[in-house]
$ cat upload-v5.txt   # compact mmCIF, C-alpha atoms
# COMPACT_ATOMS: atom_id res chain seq x y z
CA MET A 1 26.29 -83.52 15.70
CA ASN A 2 23.27 -83.06 13.45
CA ILE A 3 20.38 -82.82 15.93
CA LEU A 4 16.64 -82.84 15.21
CA MET A 5 14.30 -81.56 17.93
CA VAL A 6 10.67 -82.69 17.63
CA CYS A 7 7.93 -80.75 19.38
CA ASN A 8 4.43 -79.37 19.00
CA GLY A 9 5.54 -75.76 19.36
CA ALA A 10 8.67 -73.65 19.81
CA TYR A 11 9.44 -70.00 20.49
CA PRO A 12 8.89 -67.61 18.73
CA ASP A 13 5.94 -69.43 17.11
CA GLU A 14 4.45 -70.03 20.54
CA ILE A 15 5.06 -68.69 24.06
CA GLY A 16 5.45 -70.99 27.05
CA GLY A 17 7.92 -72.88 29.20
CA VAL A 18 8.43 -75.91 26.95
CA HIS A 19 8.49 -73.74 23.81
CA THR A 20 11.18 -71.50 25.31
CA TYR A 21 13.17 -74.55 26.47
CA VAL A 22 13.27 -76.04 22.95
CA TYR A 23 14.35 -72.76 21.34
CA GLU A 24 17.01 -71.83 23.91
CA LEU A 25 18.52 -75.30 24.08
CA ALA A 26 18.67 -75.50 20.27
CA LYS A 27 20.24 -72.05 20.03
CA HIS A 28 22.93 -72.77 22.60
CA LEU A 29 23.74 -76.22 21.24
CA GLY A 30 24.18 -74.44 17.91
CA LYS A 31 26.69 -72.10 19.54
CA LEU A 32 28.65 -75.17 20.60
CA GLY A 33 29.10 -76.08 16.94
CA HIS A 34 26.22 -78.47 16.33
CA ARG A 35 23.63 -78.29 13.55
CA LEU A 36 20.09 -77.85 14.90
CA THR A 37 16.73 -78.41 13.25
CA ILE A 38 13.37 -77.95 15.01
CA LEU A 39 10.47 -79.95 13.60
CA THR A 40 7.29 -78.29 14.85
CA ARG A 41 3.67 -77.48 14.00
CA ARG A 42 2.82 -74.77 11.53
CA THR A 43 0.51 -72.91 13.89
CA ALA A 44 -0.36 -69.96 11.64
CA PRO A 45 -0.78 -69.64 7.86
CA GLU A 46 1.72 -66.78 7.65
CA LEU A 47 4.53 -68.98 9.00
CA PRO A 48 6.70 -70.42 6.20
CA PRO A 49 7.15 -74.19 5.95
CA GLU A 50 10.89 -73.68 6.46
CA GLU A 51 13.08 -70.82 7.71
CA LYS A 52 16.15 -70.05 9.82
CA ILE A 53 15.86 -68.24 13.16
CA ASP A 54 18.99 -67.46 15.22
CA GLY A 55 20.93 -70.13 13.36
CA ILE A 56 18.25 -72.80 13.92
CA ARG A 57 16.45 -74.36 10.98
CA TYR A 58 12.69 -74.48 11.59
CA ILE A 59 10.80 -77.15 9.64
CA ARG A 60 7.04 -76.85 10.11
CA TYR A 61 4.57 -79.63 9.42
CA GLU A 62 1.02 -78.79 8.43
CA TYR A 63 -1.39 -78.63 11.31
CA HIS A 64 -4.79 -76.97 11.68
CA ASP A 65 -6.43 -76.55 15.06
CA THR A 66 -9.24 -78.92 15.87
CA ASN A 67 -11.43 -79.50 18.92
CA ASP A 68 -11.70 -83.18 18.04
CA PRO A 69 -9.30 -84.95 20.48
CA VAL A 70 -8.89 -87.97 18.22
CA ARG A 71 -8.04 -85.91 15.13
CA TRP A 72 -5.72 -83.73 17.25
CA ARG A 73 -3.58 -86.76 18.13
CA TYR A 74 -3.76 -88.17 14.60
CA LYS A 75 -2.64 -84.87 13.04
CA LEU A 76 0.30 -84.43 15.41
CA TYR A 77 1.52 -87.98 14.84
CA PHE A 78 1.20 -88.09 11.06
CA GLY A 79 2.07 -84.43 10.51
CA ALA A 80 5.47 -84.95 12.14
CA ARG A 81 5.97 -88.40 10.60
CA ASN A 82 5.21 -87.29 7.03
CA ARG A 83 7.44 -84.21 7.26
CA PHE A 84 10.25 -86.32 8.73
CA ASP A 85 9.81 -88.77 5.85
CA SER A 86 10.72 -86.03 3.37
CA LEU A 87 13.65 -84.86 5.53
CA VAL A 88 15.42 -88.22 5.85
CA THR A 89 15.33 -88.77 2.10
CA ASN A 90 18.43 -86.59 1.81
CA GLU A 91 19.66 -86.10 5.37
CA HIS A 92 20.97 -88.15 8.30
CA PHE A 93 20.42 -87.07 11.91
CA ASP A 94 22.79 -88.18 14.65
CA VAL A 95 20.31 -87.32 17.42
CA ILE A 96 16.51 -87.08 17.46
CA HIS A 97 15.39 -85.26 20.61
CA GLY A 98 11.66 -85.36 21.37
CA HIS A 99 9.67 -82.95 23.56
CA TRP A 100 6.05 -83.99 23.01
CA PRO A 101 4.75 -87.58 22.90
CA HIS A 102 2.52 -87.64 19.81
CA SER A 103 4.79 -85.82 17.35
CA THR A 104 7.86 -87.60 18.75
CA ALA A 105 6.14 -90.97 18.33
CA GLY A 106 5.50 -90.18 14.68
CA VAL A 107 9.23 -89.69 14.13
CA PHE A 108 10.50 -92.47 16.40
CA ASP A 109 8.19 -94.98 14.66
CA HIS A 110 9.55 -94.04 11.23
CA PRO A 111 12.20 -96.50 9.97
CA GLY A 112 14.42 -93.56 8.97
CA SER A 113 15.04 -92.83 12.66
CA SER A 114 16.54 -96.23 13.45
CA GLU A 115 20.21 -95.20 13.27
CA ALA A 116 19.86 -91.99 15.29
CA LEU A 117 20.31 -91.67 19.05
CA LYS A 118 16.74 -91.30 20.32
CA VAL A 119 16.40 -88.89 23.23
CA TYR A 120 13.33 -87.57 25.04
CA THR A 121 12.84 -84.80 27.59
CA LEU A 122 10.08 -85.62 30.06
CA HIS A 123 9.00 -82.07 30.93
CA ALA A 124 6.06 -83.47 32.90
CA PRO A 125 3.80 -86.50 32.52
CA PHE A 126 1.22 -85.02 30.14
CA PHE A 127 -1.46 -87.48 31.25
CA GLU A 128 -0.96 -86.43 34.89
CA GLU A 129 -1.38 -82.75 34.01
CA GLU A 130 -4.68 -83.59 32.30
CA ARG A 131 -5.82 -85.81 35.18
CA ILE A 132 -5.17 -83.10 37.79
CA GLU A 133 -6.78 -80.35 35.72
CA ALA A 134 -9.85 -82.50 35.05
CA ALA A 135 -10.23 -83.37 38.74
CA LEU A 136 -9.91 -79.75 39.88
CA LEU A 137 -12.35 -78.49 37.25
CA ARG A 138 -14.79 -81.25 38.21
CA ARG A 139 -14.56 -80.03 41.81
CA ASP A 140 -15.26 -76.40 40.93
CA ARG A 141 -17.54 -76.49 37.86
CA PRO A 142 -21.33 -77.11 37.81
CA LEU A 143 -22.47 -80.38 36.24
CA THR A 144 -23.84 -79.58 32.76
CA PHE A 145 -24.50 -81.87 29.80
CA ARG A 146 -21.30 -80.67 28.16
CA GLU A 147 -19.34 -81.41 31.34
CA VAL A 148 -20.80 -84.93 31.49
CA VAL A 149 -19.67 -85.61 27.90
CA LYS A 150 -16.18 -84.24 28.62
CA ARG A 151 -15.86 -86.37 31.74
CA MET A 152 -16.75 -89.52 29.81
CA TRP A 153 -13.82 -88.87 27.46
CA VAL A 154 -11.22 -88.13 30.16
CA PRO A 155 -10.34 -91.77 31.15
CA VAL A 156 -9.83 -92.70 27.48
CA SER A 157 -7.67 -89.62 26.90
CA LEU A 158 -5.57 -90.29 30.01
CA TYR A 159 -4.98 -93.91 29.02
CA GLU A 160 -3.95 -92.97 25.47
CA LYS A 161 -1.60 -90.19 26.59
CA ARG A 162 0.06 -92.37 29.19
CA ARG A 163 0.58 -95.28 26.79
CA ARG A 164 1.88 -92.97 24.05
CA GLU A 165 4.44 -91.31 26.32
CA GLN A 166 5.42 -94.66 27.83
CA ARG A 167 6.15 -96.03 24.35
CA VAL A 168 8.28 -92.99 23.45
CA LEU A 169 10.23 -93.34 26.71
CA LYS A 170 10.81 -97.03 26.03
CA GLN A 171 12.16 -96.22 22.54
CA SER A 172 14.57 -93.61 23.95
CA SER A 173 18.17 -94.44 24.79
CA LEU A 174 18.42 -91.35 27.00
CA VAL A 175 15.75 -89.46 28.94
CA PHE A 176 16.30 -85.96 30.30
CA VAL A 177 14.30 -84.78 33.32
CA LEU A 178 14.46 -81.25 34.70
CA SER A 179 14.46 -82.12 38.41
CA ARG A 180 14.94 -84.91 40.93
CA PHE A 181 11.18 -84.80 41.43
CA MET A 182 10.62 -85.60 37.74
CA LYS A 183 13.20 -88.38 37.92
CA ARG A 184 11.09 -90.06 40.60
CA ARG A 185 7.96 -89.55 38.50
CA ALA A 186 9.63 -91.17 35.49
CA GLY A 187 10.36 -94.24 37.58
CA ASP A 188 7.00 -94.40 39.37
CA TYR A 189 4.75 -93.85 36.35
CA PHE A 190 6.74 -95.20 33.43
CA ARG A 191 9.28 -97.63 34.92
CA VAL A 192 12.13 -95.85 33.13
CA PRO A 193 15.45 -97.53 34.13
CA GLN A 194 17.57 -95.23 36.28
CA ASP A 195 20.58 -95.59 33.98
CA LYS A 196 18.58 -93.99 31.13
CA LEU A 197 17.72 -90.89 33.19
CA GLU A 198 19.78 -87.68 33.33
CA VAL A 199 18.73 -84.79 35.59
CA ILE A 200 19.56 -81.55 33.78
CA PRO A 201 17.52 -78.46 34.73
CA GLY A 202 15.94 -75.91 32.47
CA GLY A 203 17.86 -72.71 31.85
CA VAL A 204 17.62 -68.95 31.83
CA ASP A 205 18.90 -66.32 29.40
CA THR A 206 21.29 -64.53 31.75
CA ARG A 207 21.82 -61.61 29.37
CA ARG A 208 18.11 -60.86 29.28
CA PHE A 209 17.29 -61.79 32.87
CA ARG A 210 19.76 -59.98 35.11
CA PRO A 211 19.65 -57.34 37.85
CA VAL A 212 19.72 -53.70 36.82
CA ALA A 213 19.72 -50.47 38.80
CA GLY A 214 16.75 -48.12 39.06
CA ARG A 215 13.83 -50.22 40.36
CA GLU A 216 11.79 -47.08 41.06
CA ALA A 217 12.07 -45.97 37.43
CA ILE A 218 11.06 -49.47 36.29
CA ARG A 219 7.99 -49.39 38.53
CA GLU A 220 7.02 -45.97 37.24
CA LYS A 221 7.27 -47.24 33.65
CA LEU A 222 5.07 -50.23 34.48
CA GLY A 223 2.51 -48.17 36.39
CA ILE A 224 3.26 -49.74 39.79
CA PRO A 225 3.27 -47.39 42.81
CA VAL A 226 6.75 -47.05 44.29
CA GLY A 227 5.57 -47.40 47.89
CA ARG A 228 3.80 -50.75 47.46
CA LYS A 229 5.19 -54.15 48.49
CA LEU A 230 4.99 -55.89 45.14
CA LEU A 231 4.33 -59.62 44.86
CA LEU A 232 4.39 -61.05 41.36
CA THR A 233 3.43 -64.39 39.85
CA VAL A 234 3.43 -65.28 36.15
CA ARG A 235 1.60 -68.51 35.37
CA ARG A 236 -0.81 -70.25 33.05
CA LEU A 237 -4.19 -69.53 34.62
CA VAL A 238 -5.20 -73.15 35.21
CA PRO A 239 -6.38 -74.86 38.42
CA ARG A 240 -3.20 -76.69 39.50
CA MET A 241 -1.20 -73.45 39.72
CA GLY A 242 -2.73 -72.52 43.10
CA LEU A 243 -3.84 -69.06 41.98
CA LYS A 244 -7.12 -69.15 43.92
CA ASN A 245 -5.14 -69.90 47.07
CA ILE A 246 -2.77 -66.97 46.64
CA ILE A 247 -5.69 -64.62 45.97
CA ALA A 248 -7.41 -65.88 49.13
CA ALA A 249 -4.12 -65.37 50.99
CA MET A 250 -4.21 -61.70 50.00
CA GLU A 251 -7.39 -61.29 52.05
CA ILE A 252 -5.32 -62.21 55.14
CA ILE A 253 -2.25 -60.23 54.05
CA LYS A 254 -4.29 -57.09 53.39
CA GLU A 255 -5.30 -56.82 57.04
CA ARG A 256 -1.71 -56.77 58.31
CA GLU A 257 0.15 -55.24 55.34
CA PRO A 258 -2.16 -52.96 53.34
CA ARG A 259 0.75 -51.85 51.15
CA ALA A 260 1.01 -55.34 49.63
CA LEU A 261 0.07 -55.63 45.96
CA LEU A 262 -0.18 -58.93 44.07
CA CYS A 263 0.15 -58.81 40.29
CA ILE A 264 -0.80 -61.96 38.36
CA GLY A 265 0.50 -62.27 34.80
CA GLY A 266 -0.69 -64.85 32.31
CA THR A 267 -3.69 -66.14 30.41
CA GLY A 268 -5.82 -69.26 30.68
CA ILE A 269 -9.23 -70.73 31.37
CA LEU A 270 -9.47 -69.26 34.88
CA TYR A 271 -9.04 -65.61 33.87
CA ASP A 272 -12.70 -64.59 34.26
CA GLU A 273 -13.16 -66.78 37.33
CA LEU A 274 -10.18 -65.21 39.09
CA GLY A 275 -11.44 -61.74 38.21
CA GLU A 276 -14.80 -62.55 39.76
CA MET A 277 -13.11 -63.91 42.89
CA ILE A 278 -11.09 -60.71 43.28
CA ARG A 279 -14.28 -58.64 43.07
CA GLU A 280 -16.24 -60.87 45.46
CA LEU A 281 -13.48 -60.67 48.10
CA ALA A 282 -13.15 -56.88 47.59
CA LEU A 283 -9.46 -57.25 46.74
CA SER A 284 -9.29 -55.04 43.66
CA ASP A 285 -7.01 -52.63 45.52
CA VAL A 286 -4.46 -55.33 46.34
CA VAL A 287 -4.72 -57.83 43.43
CA ARG A 288 -4.30 -57.06 39.72
CA LEU A 289 -4.76 -59.42 36.78
CA LEU A 290 -2.24 -58.30 34.18
CA GLY A 291 -3.14 -60.75 31.41
CA PHE A 292 -0.43 -61.67 28.92
CA ILE A 293 2.91 -59.96 29.65
CA PRO A 294 4.89 -59.27 26.45
CA ALA A 295 8.32 -60.90 26.35
CA GLY A 296 9.98 -57.48 26.21
CA ASP A 297 8.40 -56.43 29.54
CA LEU A 298 8.79 -59.66 31.50
CA ALA A 299 12.27 -59.02 32.91
CA ASP A 300 11.21 -55.56 34.14
CA TYR A 301 8.22 -57.04 35.98
CA TYR A 302 10.56 -59.48 37.70
CA ARG A 303 12.95 -56.67 38.65
CA ALA A 304 10.14 -54.46 39.93
CA ALA A 305 8.87 -57.10 42.37
CA ASP A 306 9.92 -57.46 46.00
CA TYR A 307 9.17 -61.18 45.78
CA PHE A 308 8.12 -63.60 43.05
CA ILE A 309 5.50 -66.12 44.19
CA MET A 310 5.17 -69.77 43.09
CA PRO A 311 1.85 -70.88 44.64
CA THR A 312 1.60 -74.22 42.78
CA GLU A 313 -0.88 -76.64 44.37
CA PHE A 314 -0.19 -79.74 42.25
CA LEU A 315 2.67 -80.88 39.97
CA GLU A 316 5.59 -78.57 39.19
CA GLY A 317 8.10 -80.27 36.91
CA PHE A 318 10.54 -77.34 36.98
CA GLY A 319 9.17 -73.78 36.95
CA LEU A 320 11.08 -71.65 34.46
CA SER A 321 9.73 -68.40 35.89
CA THR A 322 11.26 -69.24 39.28
CA VAL A 323 14.81 -69.09 37.95
CA GLU A 324 14.06 -66.18 35.59
CA ALA A 325 12.92 -64.08 38.56
CA MET A 326 15.95 -65.07 40.62
CA ALA A 327 18.29 -64.25 37.73
CA CYS A 328 16.84 -60.71 37.86
CA GLY A 329 17.71 -60.52 41.57
CA THR A 330 14.18 -61.12 42.86
CA PRO A 331 13.83 -63.86 45.51
CA THR A 332 11.08 -66.44 44.98
CA LEU A 333 8.74 -67.64 47.72
CA GLY A 334 6.90 -70.85 46.91
CA THR A 335 5.22 -74.05 47.94
CA SER A 336 7.25 -77.24 48.28
CA VAL A 337 5.35 -78.83 45.38
CA GLY A 338 7.51 -80.68 42.86
CA ALA A 339 10.73 -79.06 41.72
CA THR A 340 10.10 -75.75 43.50
CA GLY A 341 11.06 -77.41 46.78
CA GLU A 342 14.39 -78.44 45.25
CA ILE A 343 15.22 -75.10 43.62
CA LEU A 344 14.38 -72.94 46.64
CA GLY A 345 15.44 -75.47 49.27
CA ASP A 346 18.94 -75.61 47.80
CA ILE A 347 19.22 -71.85 48.40
CA ASP A 348 17.31 -71.24 51.65
CA GLU A 349 14.56 -73.36 53.26
CA GLY A 350 13.07 -70.12 54.55
CA LEU A 351 11.89 -69.30 51.02
CA LEU A 352 9.41 -72.20 51.14
CA PHE A 353 5.88 -71.96 52.49
CA SER A 354 4.94 -74.50 55.16
CA GLY A 355 1.90 -75.58 53.12
CA THR A 356 -0.26 -74.81 50.09
CA THR A 357 -3.27 -73.31 51.88
CA PRO A 358 -4.03 -69.57 51.81
CA LYS A 359 -3.21 -69.32 55.52
CA ARG A 360 0.21 -70.94 55.11
CA MET A 361 1.07 -68.76 52.13
CA ALA A 362 -0.04 -65.62 53.95
CA GLU A 363 2.09 -66.49 56.98
CA GLY A 364 5.15 -67.05 54.80
CA ILE A 365 4.70 -63.86 52.81
CA LEU A 366 4.00 -61.68 55.85
CA GLY A 367 7.14 -63.01 57.53
CA HIS A 368 9.20 -61.73 54.60
CA LEU A 369 7.30 -58.48 54.07
CA ALA A 370 7.93 -57.41 57.67
CA ASN A 371 11.29 -56.08 56.50
CA GLU A 372 12.76 -54.73 53.28
CA THR A 373 14.02 -57.43 50.93
CA PRO A 374 17.66 -57.89 52.02
CA THR A 375 20.16 -56.72 49.41
CA HIS A 376 22.38 -59.72 50.16
CA LEU A 377 19.46 -62.07 49.38
CA ARG A 378 18.85 -60.38 46.03
CA GLU A 379 22.53 -60.69 45.17
CA ARG A 380 22.65 -64.29 46.35
CA VAL A 381 19.71 -65.55 44.28
CA ALA A 382 21.00 -63.74 41.18
CA ARG A 383 24.48 -65.28 41.53
CA TYR A 384 23.00 -68.72 42.11
CA ALA A 385 20.69 -68.56 39.08
CA HIS A 386 23.46 -67.29 36.78
CA LYS A 387 25.87 -69.98 37.96
CA ILE A 388 23.55 -73.02 37.89
CA TYR A 389 20.88 -72.20 35.32
CA SER A 390 22.53 -70.28 32.48
CA TRP A 391 21.69 -71.79 29.08
CA GLU A 392 25.41 -71.97 28.32
CA THR A 393 25.85 -74.30 31.30
CA VAL A 394 22.73 -76.35 30.55
CA ALA A 395 23.65 -76.80 26.86
CA LYS A 396 27.13 -77.99 27.82
CA TRP A 397 25.64 -80.59 30.19
CA VAL A 398 23.26 -81.79 27.46
CA GLU A 399 26.13 -81.99 24.94
CA GLU A 400 28.22 -84.07 27.33
CA ALA A 401 25.30 -86.44 27.98
CA LEU A 402 24.64 -86.91 24.25
CA LEU A 403 28.29 -87.53 23.39
CA SER A 404 28.66 -90.03 26.22
CA ARG A 405 25.78 -92.10 24.80
CA MET A 406 27.19 -91.97 21.27
CA SER A 407 30.72 -93.06 22.17
$ encode --input "upload-v5.txt" --output "structure tokens"
Amino acid sequence: MNILMVCNGAYPDEIGGVHTYVYELAKHLGKLGHRLTILTRRTAPELPPEEKIDGIRYIRYEYHDTNDPVRWRYKLYFGARNRFDSLVTNEHFDVIHGHWPHSTAGVFDHPGSSEALKVYTLHAPFFEEERIEAALLRRDRPLTFREVVKRMWVPVSLYEKRRREQRVLKQSSLVFVLSRFMKRRAGDYFRVPQDKLEVIPGGVDTRRFRPVAGREAIREKLGIPVGRKLLLTVRRLVPRMGLKNIIAAMEIIKEREPRALLCIGGTGILYDELGEMIRELALSDVVRLLGFIPAGDLADYYRAADYFIMPTEFLEGFGLSTVEAMACGTPTLGTSVGATGEILGDIDEGLLFSGTTPKRMAEGILGHLANETPTHLRERVARYAHKIYSWETVAKWVEEALLSRMS
């Protein structure tokens, strides 16, 4: 099959869950003998308009950052559409697989896409992400003139995003969702017929994310004291991720387990706010903000941890870091929000917190920290992640789903 993936960013141009998903799925479908092209934004002037990376052809449409939300949508739509127009002059695609509503709409609306199988992956309802983030920021931020202006725009933005994604889903013959939770969301929000939906999870690079010996040496390299009980979370620092709750939980945990250390990796709008919270609660000795963790160090941070923490408060469509940590042999403790409840519940219900509040998280973590992390649990989560979530397995499932719709 000649497959075109349409997105607004892909690894290595950009770092993030969706960007990694697009790259890894394309790479592994390529290994199955298919021809893969990624149509994405040109996010930096030094990036060439076209190049090959790991056997994948990257075609980049012109895009320049803008704070204007109307121009942002316009540029994604027409940037992808115009670049696709030049592609289909000399090339036919069997499958067009979208990963972002505005750029995908630009391609799906083009008459040159009419003969291709149109597929979309609903990573999460983008309008719902914006709605939750806006509501949480409104709760926590002071009311300034700028905030008033932003709040006036939010309902318009939510309506446009929802309608755009709904149209793309309606145009698709097949819709992938990464969890049973997202399958329900697709039905509730967008009325997607059940026979169009396929639940296929995200994947993990099992060669990169795997257990290795020598955790003490890894901790020494990373500057983490060997005697500490290390909790790790790696997230975008945005309100729905529950990061304020896990920091507040550390105030409770510190009293009963002073050896506990929480490391938070990631960047986002809450970075300064979280730093201030850590100082105000006098938790600098038990909570560290790591900032951006380079890709080359991420697996070692997972391996160094006693437990990985998923403290999500609202909306978790999948949670790539959950399975990456488990693939390294590090059990994940998390809330039952969204797909995390499925992933962890299928392994052991005891890995789930009984709620999303700081108290509930603290109780769950302290129950596990009372003893050393069982070796059999480390081995079990690693085996499970490698069996269910390897990209080789995921790509094969996607291939089978595509071929079944084309036959």
$ closest_residue --input "upload-v5.txt" --among "A:Gly364, A:Pro12, A:Gly345, A:Gly291" --to "Ile38 (chain A)" --atoms "only C-alpha atoms"
A:Pro12
$ residues_around --input "upload-v5.txt" --residues "region 397-403 of chain A" --least-positions-apart "5" --cutoff "8 Å" --atoms "all atoms listed in the file" --output "list in words"
Leu29, Glu198 and Ile200 of chain A
$ residues_near_point --input "upload-v5.txt" --point "(2.4, -51.6, 47.7)" --cutoff "8 Å" --atoms "all atoms listed in the file" --output "list in words"
Pro225, Val226, Gly227, Arg228, Lys229, Leu230, Pro258, Arg259, Ala260, Leu261 and Val286 of chain A
$ closest_atom_pairs --input "upload-v5.txt" --of "region 134-246 of chain A" --to "region 108-125 of chain A" --cutoff "9 Å" --atoms "all atoms listed in the file" --output "tab-separated table"
residue	atom	partner	partner_atom	distance
A:Lys161	CA	A:Pro125	CA	8.8
A:Arg162	CA	A:Pro125	CA	7.7
A:Glu165	CA	A:Pro125	CA	7.9
A:Val168	CA	A:Phe108	CA	7.4
A:Leu169	CA	A:Tyr120	CA	6.8
A:Gln171	CA	A:Lys118	CA	7.1
A:Ser172	CA	A:Lys118	CA	4.8
A:Ser173	CA	A:Lys118	CA	5.6
A:Leu174	CA	A:Val119	CA	4.9
A:Val175	CA	A:Tyr120	CA	5.0
A:Phe176	CA	A:Thr121	CA	4.5
A:Val177	CA	A:Leu122	CA	5.4
A:Leu178	CA	A:His123	CA	6.7
A:Met182	CA	A:Ala124	CA	7.0
A:Lys183	CA	A:Leu122	CA	8.9
A:Arg185	CA	A:Pro125	CA	7.9
A:Ala186	CA	A:Leu122	CA	7.8
A:Tyr189	CA	A:Pro125	CA	8.3
$ closest_atom_pairs --input "upload-v5.txt" --of "region 352-393 of chain A" --to "region 318-340 of chain A" --cutoff "8 Å" --atoms "all atoms listed in the file" --output "JSON lines"
{"residue": "A:Leu352", "atom": "CA", "partner": "A:Gly334", "partner_atom": "CA", "distance": 5.1}
{"residue": "A:Phe353", "atom": "CA", "partner": "A:Thr335", "partner_atom": "CA", "distance": 5.1}
{"residue": "A:Ser354", "atom": "CA", "partner": "A:Thr335", "partner_atom": "CA", "distance": 7.2}
{"residue": "A:Gly355", "atom": "CA", "partner": "A:Thr335", "partner_atom": "CA", "distance": 6.3}
{"residue": "A:Thr356", "atom": "CA", "partner": "A:Thr335", "partner_atom": "CA", "distance": 5.9}
{"residue": "A:Met361", "atom": "CA", "partner": "A:Thr335", "partner_atom": "CA", "distance": 7.9}
{"residue": "A:Gly364", "atom": "CA", "partner": "A:Leu333", "partner_atom": "CA", "distance": 8.0}
{"residue": "A:Ile365", "atom": "CA", "partner": "A:Leu333", "partner_atom": "CA", "distance": 7.5}
{"residue": "A:Leu377", "atom": "CA", "partner": "A:Pro331", "partner_atom": "CA", "distance": 7.1}
{"residue": "A:Arg378", "atom": "CA", "partner": "A:Gly329", "partner_atom": "CA", "distance": 4.6}
{"residue": "A:Glu379", "atom": "CA", "partner": "A:Gly329", "partner_atom": "CA", "distance": 6.0}
{"residue": "A:Arg380", "atom": "CA", "partner": "A:Gly329", "partner_atom": "CA", "distance": 7.8}
{"residue": "A:Val381", "atom": "CA", "partner": "A:Met326", "partner_atom": "CA", "distance": 5.3}
{"residue": "A:Ala382", "atom": "CA", "partner": "A:Ala327", "partner_atom": "CA", "distance": 4.4}
{"residue": "A:Arg383", "atom": "CA", "partner": "A:Ala327", "partner_atom": "CA", "distance": 7.3}
{"residue": "A:Tyr384", "atom": "CA", "partner": "A:Ala327", "partner_atom": "CA", "distance": 7.8}
{"residue": "A:Ala385", "atom": "CA", "partner": "A:Ala327", "partner_atom": "CA", "distance": 5.1}
{"residue": "A:His386", "atom": "CA", "partner": "A:Ala327", "partner_atom": "CA", "distance": 6.1}
{"residue": "A:Tyr389", "atom": "CA", "partner": "A:Val323", "partner_atom": "CA", "distance": 7.3}
$ write_last_selection --input "upload-v5.txt" --atoms "C-alpha atoms" --output "mmCIF file, in the frame of the given file"
data_model
loop_
_atom_site.group_PDB
_atom_site.id
_atom_site.type_symbol
_atom_site.label_atom_id
_atom_site.label_comp_id
_atom_site.auth_asym_id
_atom_site.auth_seq_id
_atom_site.Cartn_x
_atom_site.Cartn_y
_atom_site.Cartn_z
ATOM 1 C CA LEU A 352 9.410 -72.200 51.140
ATOM 2 C CA PHE A 353 5.880 -71.960 52.490
ATOM 3 C CA SER A 354 4.940 -74.500 55.160
ATOM 4 C CA GLY A 355 1.900 -75.580 53.120
ATOM 5 C CA THR A 356 -0.260 -74.810 50.090
ATOM 6 C CA MET A 361 1.070 -68.760 52.130
ATOM 7 C CA GLY A 364 5.150 -67.050 54.800
ATOM 8 C CA ILE A 365 4.700 -63.860 52.810
ATOM 9 C CA LEU A 377 19.460 -62.070 49.380
ATOM 10 C CA ARG A 378 18.850 -60.380 46.030
ATOM 11 C CA GLU A 379 22.530 -60.690 45.170
ATOM 12 C CA ARG A 380 22.650 -64.290 46.350
ATOM 13 C CA VAL A 381 19.710 -65.550 44.280
ATOM 14 C CA ALA A 382 21.000 -63.740 41.180
ATOM 15 C CA ARG A 383 24.480 -65.280 41.530
ATOM 16 C CA TYR A 384 23.000 -68.720 42.110
ATOM 17 C CA ALA A 385 20.690 -68.560 39.080
ATOM 18 C CA HIS A 386 23.460 -67.290 36.780
ATOM 19 C CA TYR A 389 20.880 -72.200 35.320
#
$ closest_residue --input "upload-v5.txt" --among "A:Gly30, A:Gly341, A:Gly268, A:Gly16" --to "Leu315 (chain A)" --atoms "only C-alpha atoms"
A:Gly341
